[in-house]
file query.cif (mmCIF, C-alpha atoms)
data_final
#
loop_
_atom_site.label_atom_id
_atom_site.label_comp_id
_atom_site.auth_asym_id
_atom_site.auth_seq_id
_atom_site.Cartn_x
_atom_site.Cartn_y
_atom_site.Cartn_z
CA MET A 989 7.87 17.78 10.39
CA ALA A 990 9.44 14.37 9.67
CA LYS A 991 9.67 12.01 12.64
CA PRO A 992 12.25 9.23 13.01
CA GLY A 993 11.25 6.30 10.83
CA TYR A 994 12.63 3.89 8.25
CA HIS A 995 14.11 4.83 4.90
CA VAL A 996 11.58 4.30 2.11
CA THR A 997 11.97 3.48 -1.58
CA LYS A 998 9.40 5.13 -3.88
CA ASP A 999 7.78 3.99 -7.10
CA LYS A 1000 5.41 6.30 -8.96
CA SER A 1001 3.15 5.38 -11.82
CA ARG A 1002 0.00 6.95 -13.28
CA LEU A 1003 -2.36 7.93 -10.44
CA LYS A 1004 -0.47 5.76 -7.96
CA VAL A 1005 2.43 6.24 -5.58
CA ARG A 1006 3.94 3.20 -3.84
CA PHE A 1007 6.55 3.05 -1.09
CA ALA A 1008 8.43 0.09 0.39
CA PHE A 1009 10.52 -0.17 3.54
CA ILE A 1010 11.86 -2.80 5.89
CA SER A 1011 10.56 -2.98 9.45
CA LYS A 1012 13.48 -4.11 11.61
CA GLY A 1013 12.04 -5.36 14.84
CA THR A 1014 12.05 -8.92 16.06
CA ASN A 1015 12.09 -9.93 12.38
CA ASP A 1016 12.77 -8.08 9.14
CA VAL A 1017 9.43 -7.47 7.41
CA ILE A 1018 8.97 -5.70 4.07
CA LYS A 1019 6.09 -3.23 4.28
CA ILE A 1020 4.27 -1.59 1.39
CA ILE A 1021 2.42 1.73 1.43
CA ASP A 1022 0.11 2.47 -1.51
CA TYR A 1023 -1.66 5.64 -2.54
CA ASP A 1024 -4.32 4.62 -5.08
CA TYR A 1025 -6.69 6.88 -6.95
CA VAL A 1026 -10.27 6.02 -5.94
CA GLY A 1027 -12.43 8.81 -7.35
CA LEU A 1028 -13.60 12.39 -7.00
CA ARG A 1029 -14.89 14.13 -3.91
CA ASN A 1030 -16.13 17.68 -4.53
CA ASP A 1031 -14.35 17.51 -7.91
CA VAL A 1032 -11.02 16.83 -6.22
CA LYS A 1033 -9.12 13.67 -7.15
CA THR A 1034 -8.92 11.49 -4.06
CA PHE A 1035 -6.41 8.77 -3.21
CA ASN A 1036 -6.74 5.99 -0.67
CA LEU A 1037 -3.91 5.05 1.67
CA GLY A 1038 -3.25 1.30 1.81
CA PHE A 1039 -0.66 -0.36 3.99
CA GLY A 1040 0.41 -3.97 4.57
CA ASP A 1041 3.11 -6.62 4.89
CA PHE A 1042 4.71 -8.08 1.78
CA ASP A 1043 5.04 -11.87 1.83
CA PRO A 1044 8.05 -12.82 -0.34
CA LEU A 1045 6.84 -16.44 -0.60
CA THR A 1046 3.46 -15.62 -2.12
CA GLY A 1047 4.29 -12.20 -3.61
CA ARG A 1048 1.15 -10.84 -1.94
CA VAL A 1049 0.53 -8.09 0.55
CA ASN A 1050 -1.50 -8.71 3.68
CA ASP A 1051 -3.20 -5.61 5.07
CA HIS A 1052 -4.71 -7.51 8.01
CA ALA A 1053 -1.39 -8.67 9.48
CA ASN A 1054 -0.51 -7.78 13.05
CA THR A 1055 3.25 -8.15 12.87
CA ASP A 1056 3.98 -7.36 16.54
CA ASN A 1057 7.52 -6.57 15.46
CA GLY A 1058 8.22 -4.29 18.42
CA ASP A 1059 8.64 -1.15 16.30
CA VAL A 1060 5.08 0.14 16.03
CA TYR A 1061 6.03 3.84 16.37
CA ASP A 1062 8.85 3.59 13.82
CA VAL A 1063 6.40 1.98 11.40
CA LEU A 1064 3.68 4.56 12.10
CA ASN A 1065 6.18 7.42 11.68
CA THR A 1066 7.39 5.92 8.41
CA VAL A 1067 3.84 5.75 7.04
CA LEU A 1068 3.14 9.32 8.16
CA ASN A 1069 6.42 10.55 6.69
CA THR A 1070 5.23 9.43 3.24
CA VAL A 1071 2.21 11.77 3.41
CA PRO A 1072 4.25 14.93 2.56
CA GLN A 1073 5.94 12.92 -0.21
CA PHE A 1074 2.51 12.05 -1.61
CA PHE A 1075 1.55 15.74 -1.63
CA GLU A 1076 4.81 16.63 -3.37
CA GLU A 1077 3.57 14.46 -6.25
CA TYR A 1078 -0.09 15.51 -6.06
CA PRO A 1079 -0.33 18.88 -4.24
CA ASP A 1080 -3.89 19.62 -5.42
CA HIS A 1081 -5.35 16.22 -4.67
CA SER A 1082 -6.84 14.75 -1.54
CA LEU A 1083 -5.99 11.72 0.55
CA MET A 1084 -8.37 9.47 2.45
CA VAL A 1085 -7.36 7.16 5.28
CA ARG A 1086 -9.50 4.29 6.49
CA GLY A 1087 -8.52 1.37 8.68
CA SER A 1088 -8.35 -2.14 7.20
CA ASP A 1089 -10.22 -3.15 10.36
CA SER A 1090 -13.14 -0.80 9.70
CA GLY A 1091 -16.52 -1.86 8.34
CA GLU A 1092 -18.88 -4.81 8.69
CA GLU A 1093 -16.65 -7.10 6.63
CA PHE A 1094 -13.93 -6.91 9.26
CA ILE A 1095 -16.30 -8.06 12.02
CA LYS A 1096 -17.35 -11.06 9.93
CA ARG A 1097 -13.69 -12.01 9.45
CA CYS A 1098 -12.68 -11.33 13.05
CA ARG A 1099 -15.48 -13.10 14.91
CA PRO A 1100 -14.69 -16.77 14.06
CA GLN A 1101 -11.05 -16.55 15.20
CA CYS A 1102 -11.25 -13.92 17.96
CA LYS A 1103 -10.44 -14.78 21.58
CA LYS A 1104 -11.89 -11.56 23.00
CA LYS A 1105 -15.24 -11.87 24.67
CA CYS A 1106 -17.23 -9.44 22.53
CA ASN A 1107 -21.01 -9.54 22.42
CA MET A 1108 -22.88 -9.63 19.11
CA ASN A 1109 -23.19 -5.83 18.96
CA GLN A 1110 -19.54 -4.97 19.34
CA CYS A 1111 -16.06 -5.94 18.12
CA LYS A 1112 -13.17 -4.82 20.29
CA ASN A 1113 -10.74 -5.16 17.39
CA GLN A 1114 -12.75 -3.01 15.00
CA ASN A 1115 -11.44 0.46 14.03
CA ARG A 1116 -8.20 0.07 15.97
CA ARG A 1117 -6.13 1.25 13.00
CA ILE A 1118 -8.15 4.33 12.08
CA ASN A 1119 -8.17 5.19 15.80
CA VAL A 1120 -4.35 5.23 15.74
CA TYR A 1121 -4.41 7.71 12.83
CA THR A 1122 -7.14 9.92 14.33
CA GLN A 1123 -5.31 9.89 17.66
CA TYR A 1124 -2.18 11.08 15.86
CA VAL A 1125 -4.13 13.90 14.19
CA ASN A 1126 -5.77 14.82 17.52
CA THR A 1127 -2.43 15.02 19.32
CA ASN A 1128 -0.63 16.98 16.59
CA TYR A 1129 -3.59 18.90 15.15
CA ASP A 1130 -2.35 22.44 15.77
CA GLU A 1131 0.99 21.78 14.09
CA LEU A 1132 -0.51 19.74 11.23
CA ALA A 1133 -3.30 22.27 10.58
CA ILE A 1134 -0.72 24.86 9.51
CA ASP A 1135 -0.11 22.94 6.27
CA TYR A 1136 -3.07 20.58 5.92
CA ASN A 1137 -6.87 20.60 5.94
CA PHE A 1138 -8.55 17.70 7.73
CA LEU A 1139 -12.07 16.37 7.31
CA GLY A 1140 -13.61 13.58 9.33
CA GLY A 1141 -15.99 11.08 7.74
CA ASN A 1142 -18.56 8.73 9.19
CA GLU A 1143 -21.15 6.60 7.46
CA ASP A 1144 -23.24 9.37 5.91
CA THR A 1145 -21.38 12.58 6.63
CA VAL A 1146 -18.09 14.33 6.03
CA GLU A 1147 -17.37 17.35 8.19
CA GLN A 1148 -14.57 19.59 9.39
CA PHE A 1149 -12.34 17.43 11.61
CA GLU A 1150 -13.09 17.93 15.30
CA LYS A 1151 -10.44 16.99 17.83
CA GLY A 1152 -11.49 14.08 20.03
CA LYS A 1153 -14.38 12.97 17.81
CA LYS A 1154 -14.46 9.40 16.41
CA TYR A 1155 -14.28 9.01 12.64
CA ASP A 1156 -14.23 6.03 10.24
CA THR A 1157 -12.39 8.02 7.60
CA VAL A 1158 -10.02 10.97 7.63
CA PHE A 1159 -9.58 13.16 4.53
CA VAL A 1160 -6.39 15.21 4.18
CA SER A 1161 -5.54 17.90 1.66
CA LYS A 1162 -2.70 20.39 1.39
CA LYS A 1163 -3.31 24.04 2.09
CA ASN A 1164 -2.26 26.48 -0.61
CA HIS A 1165 -0.19 29.11 1.22
CA MET B 1220 22.91 -24.60 -24.85
CA LYS B 1221 22.52 -26.52 -21.63
CA THR B 1222 22.41 -24.51 -18.42
CA LYS B 1223 23.92 -25.79 -15.22
CA ASP B 1224 21.92 -25.75 -11.99
CA ILE B 1225 24.02 -24.85 -8.99
CA LYS B 1226 22.42 -25.82 -5.71
CA THR B 1227 23.83 -24.11 -2.67
CA ASP B 1228 22.69 -23.13 0.81
CA ASN B 1229 24.84 -20.02 0.75
CA LEU B 1230 22.95 -16.76 1.04
CA VAL B 1231 23.49 -13.77 -1.17
CA LYS B 1232 23.75 -10.41 0.52
CA VAL B 1233 21.82 -7.67 -1.27
CA PRO B 1234 21.77 -3.98 -0.26
CA GLU B 1235 18.45 -2.94 1.30
CA SER B 1236 17.70 -0.35 -1.39
CA ALA B 1237 18.31 -2.92 -4.14
CA LEU B 1238 16.02 -5.43 -2.42
CA LEU B 1239 13.22 -2.87 -2.08
CA ALA B 1240 13.68 -1.75 -5.69
CA LEU B 1241 13.43 -5.42 -6.75
CA VAL B 1242 10.25 -5.91 -4.72
CA LEU B 1243 8.73 -2.74 -6.18
CA SER B 1244 9.61 -3.81 -9.71
CA GLN B 1245 7.99 -7.22 -9.05
CA LEU B 1246 4.84 -5.51 -7.82
CA LYS B 1247 4.67 -2.95 -10.65
CA GLY B 1248 1.14 -2.78 -12.05
CA VAL B 1249 -0.25 -5.13 -9.40
CA VAL B 1250 -3.25 -3.91 -7.39
CA LEU B 1251 -2.31 -4.83 -3.84
CA PHE B 1252 -5.38 -3.72 -1.93
CA PRO B 1253 -8.31 -4.48 -4.24
CA GLU B 1254 -10.90 -4.88 -1.44
CA LYS B 1255 -9.81 -1.69 0.27
CA ILE B 1256 -9.87 0.27 -2.98
CA GLU B 1257 -13.35 -1.01 -3.80
CA ALA B 1258 -14.59 -0.15 -0.31
CA ALA B 1259 -13.08 3.34 -0.60
CA LYS B 1260 -14.70 3.90 -4.03
CA LYS B 1261 -18.04 2.71 -2.67
CA TYR B 1262 -17.76 5.04 0.31
CA LEU B 1263 -16.85 8.02 -1.90
CA LYS B 1264 -19.84 7.37 -4.16
CA HIS B 1265 -22.10 7.06 -1.11
CA ILE B 1266 -20.81 10.32 0.38
CA ASN B 1267 -21.12 12.18 -2.93
CA LYS B 1268 -24.69 10.93 -3.29
CA LYS B 1269 -25.56 12.06 0.25
CA ALA B 1270 -23.98 15.48 -0.37
CA ALA B 1271 -26.05 15.90 -3.54
CA ILE B 1272 -29.35 15.31 -1.71
#
call {"tool": "encode", "arguments": {"input": "query.cif", "output": "structure tokens"}}
result
Amino acid sequence: MAKPGYHVTKDKSRLKVRFAFISKGTNDVIKIIDYDYVGLRNDVKTFNLGFGDFDPLTGRVNDHANTDNGDVYDVLNTVLNTVPQFFEEYPDHSLMVRGSDSGEEFIKRCRPQCKKKCNMNQCKNQNRRINVYTQYVNTNYDELAIDYNFLGGNEDTVEQFEKGKKYDTVFVSKKNH
Amino acid sequence: MKTKDIKTDNLVKVPESALLALVLSQLKGVVLFPEKIEAAKKYLKHINKKAAI
């Protein structure tokens, strides 16, 4: 079920779907959502969800930006509303969602500029984004599970999604009714 | 033919949909999240390998 979010403009090319919208909080920020083909999993074509801010001065997209634009739920809803649109284009394919703040690389980037008092074994900023997505799936699982299959992935394993469990990666595919 | 540069501080108002379409056309064919895509590919390969064992 679509939740209130921003209007998106779509651009589809071979094995890629891209959306753009304007976040209208404190500032107007152009956001880009990409679905890129990344390979096969169990012989199913899998796409990765990418999301970031477009910088009109450089023409680049920053997927590490924390815009703090005051419209986090509108932005989240807008991203989630593109998922059914992706499956309209690729109903038999699968989608994987990972946070741009997941993985060892993020910790290396975060540590030099971070003001939080983390010890060497932890990073309080790590996995915040994927946690937002898994939290959304946890909260709405029963409704979402009518139309979609969810798998949860960690470093070495992919399993049936379990509510409340932490995952680095979430795989989504459409059920064939 | 010589073109004339007009310098002005006036802003042009463009409809939102036209602006987004312009941005998307500018970004056509550009890989915007190369690191993320590579990391995702690497993870998929790793998972497939683990599943095959």
call {"tool": "atom_distance", "arguments": {"input": "query.cif", "atom1": "atom CA of Val1233 of chain B", "atom2": "atom CA of Lys1000 of chain A"}}
result
22.9 Å
call {"tool": "closest_atom_pairs", "arguments": {"input": "query.cif", "of": "chain B", "to": "chain A", "cutoff": "9 Å", "atoms": "all atoms listed in the file", "output": "JSON lines"}}
result
{"residue": "B:Glu1235", "atom": "CA", "partner": "A:Ile1010", "partner_atom": "CA", "distance": 8.0}
{"residue": "B:Ser1236", "atom": "CA", "partner": "A:Thr997", "partner_atom": "CA", "distance": 6.9}
{"residue": "B:Leu1239", "atom": "CA", "partner": "A:Ala1008", "partner_atom": "CA", "distance": 6.1}
{"residue": "B:Ala1240", "atom": "CA", "partner": "A:Thr997", "partner_atom": "CA", "distance": 6.9}
{"residue": "B:Val1242", "atom": "CA", "partner": "A:Ala1008", "partner_atom": "CA", "distance": 8.1}
{"residue": "B:Leu1243", "atom": "CA", "partner": "A:Asp999", "partner_atom": "CA", "distance": 6.9}
{"residue": "B:Ser1244", "atom": "CA", "partner": "A:Asp999", "partner_atom": "CA", "distance": 8.4}
{"residue": "B:Gln1245", "atom": "CA", "partner": "A:Gly1047", "partner_atom": "CA", "distance": 8.3}
{"residue": "B:Leu1246", "atom": "CA", "partner": "A:Gly1047", "partner_atom": "CA", "distance": 7.9}
{"residue": "B:Lys1247", "atom": "CA", "partner": "A:Asp999", "partner_atom": "CA", "distance": 8.4}
{"residue": "B:Gly1248", "atom": "CA", "partner": "A:Ser1001", "partner_atom": "CA", "distance": 8.4}
{"residue": "B:Val1250", "atom": "CA", "partner": "A:Asp1024", "partner_atom": "CA", "distance": 8.9}
{"residue": "B:Leu1251", "atom": "CA", "partner": "A:Val1049", "partner_atom": "CA", "distance": 6.2}
{"residue": "B:Phe1252", "atom": "CA", "partner": "A:Gly1038", "partner_atom": "CA", "distance": 6.6}
{"residue": "B:Lys1255", "atom": "CA", "partner": "A:Ser1088", "partner_atom": "CA", "distance": 7.1}
{"residue": "B:Ile1256", "atom": "CA", "partner": "A:Val1026", "partner_atom": "CA", "distance": 6.5}
{"residue": "B:Glu1257", "atom": "CA", "partner": "A:Val1026", "partner_atom": "CA", "distance": 8.0}
{"residue": "B:Ala1259", "atom": "CA", "partner": "A:Val1026", "partner_atom": "CA", "distance": 6.6}
{"residue": "B:Lys1260", "atom": "CA", "partner": "A:Val1026", "partner_atom": "CA", "distance": 5.3}
{"residue": "B:Tyr1262", "atom": "CA", "partner": "A:Glu1143", "partner_atom": "CA", "distance": 8.1}
{"residue": "B:Leu1263", "atom": "CA", "partner": "A:Arg1029", "partner_atom": "CA", "distance": 6.7}
{"residue": "B:Lys1264", "atom": "CA", "partner": "A:Gly1027", "partner_atom": "CA", "distance": 8.2}
{"residue": "B:His1265", "atom": "CA", "partner": "A:Asp1144", "partner_atom": "CA", "distance": 7.5}
{"residue": "B:Ile1266", "atom": "CA", "partner": "A:Asp1144", "partner_atom": "CA", "distance": 6.1}
{"residue": "B:Asn1267", "atom": "CA", "partner": "A:Arg1029", "partner_atom": "CA", "distance": 6.6}
{"residue": "B:Lys1269", "atom": "CA", "partner": "A:Asp1144", "partner_atom": "CA", "distance": 6.7}
{"residue": "B:Ala1270", "atom": "CA", "partner": "A:Thr1145", "partner_atom": "CA", "distance": 8.0}
call {"tool": "atom_distance", "arguments": {"input": "query.cif", "atom1": "atom CA of His1081 of chain A", "atom2": "atom CA of Val1160 of chain A"}}
result
9.0 Å
call {"tool": "axis_aligned_box", "arguments": {"input": "query.cif", "around": "segment 1049-1066 of chain A", "padding_each_side": "4 Å", "output": "JSON"}}
result
{"center_x": 2.1, "center_y": -0.6, "center_z": 9.5, "size_x": 21.6, "size_y": 24.1, "size_z": 25.9}
call {"tool": "residues_around", "arguments": {"input": "query.cif", "residues": "segment 1106-1113 of chain A", "least_positions_apart": "5", "cutoff": "8 Å", "atoms": "only C-alpha atoms", "output": "JSON, numbers by chain"}}
result
{"A": [1089, 1095, 1098, 1099]}
call {"tool": "atom_distance", "arguments": {"input": "query.cif", "atom1": "atom CA of Val1071 of chain A", "atom2": "atom CA of Asn1126 of chain A"}}
result
16.5 Å
call {"tool": "closest_residue", "arguments": {"input": "query.cif", "among": "A:Leu1003, A:Leu1139, A:Leu1132, A:Ala1053", "to": "Pro1072 of chain A", "atoms": "all atoms listed in the file"}}
result
A:Leu1132
call {"tool": "closest_residue", "arguments": {"input": "query.cif", "among": "A:Gly1140, A:Gly993, A:Gly1152, A:Pro1079", "to": "Thr1127 of chain A", "atoms": "all atoms listed in the file"}}
result
A:Gly1152
call {"tool": "resolve_selection", "arguments": {"input": "query.cif", "expression": "the PyMOL selection byres ((chain A and resi 1062) around 10)", "output": "number ranges by chain"}}
result
A: 991-994, 1011-1013, 1058-1061, 1063-1068
call {"tool": "closest_residue", "arguments": {"input": "query.cif", "among": "A:Asn1057, A:Gln1114, A:Phe1138, A:Cys1102", "to": "Val1158 of chain A", "atoms": "only C-alpha atoms"}}
result
A:Phe1138
call {"tool": "closest_residue", "arguments": {"input": "query.cif", "among": "A:Phe1094, A:Ser1161, A:Asn1137, A:Phe1074", "to": "Ala1258 of chain B", "atoms": "all atoms listed in the file"}}
result
A:Phe1094
call {"tool": "residues_near_point", "arguments": {"input": "query.cif", "point": "(-2.0, 22.7, 9.4)", "cutoff": "12 Å", "atoms": "only C-alpha atoms", "output": "MDAnalysis selection string"}}
result
chainID A and resid 989 1125:1126 1128:1138 1149 1160:1165
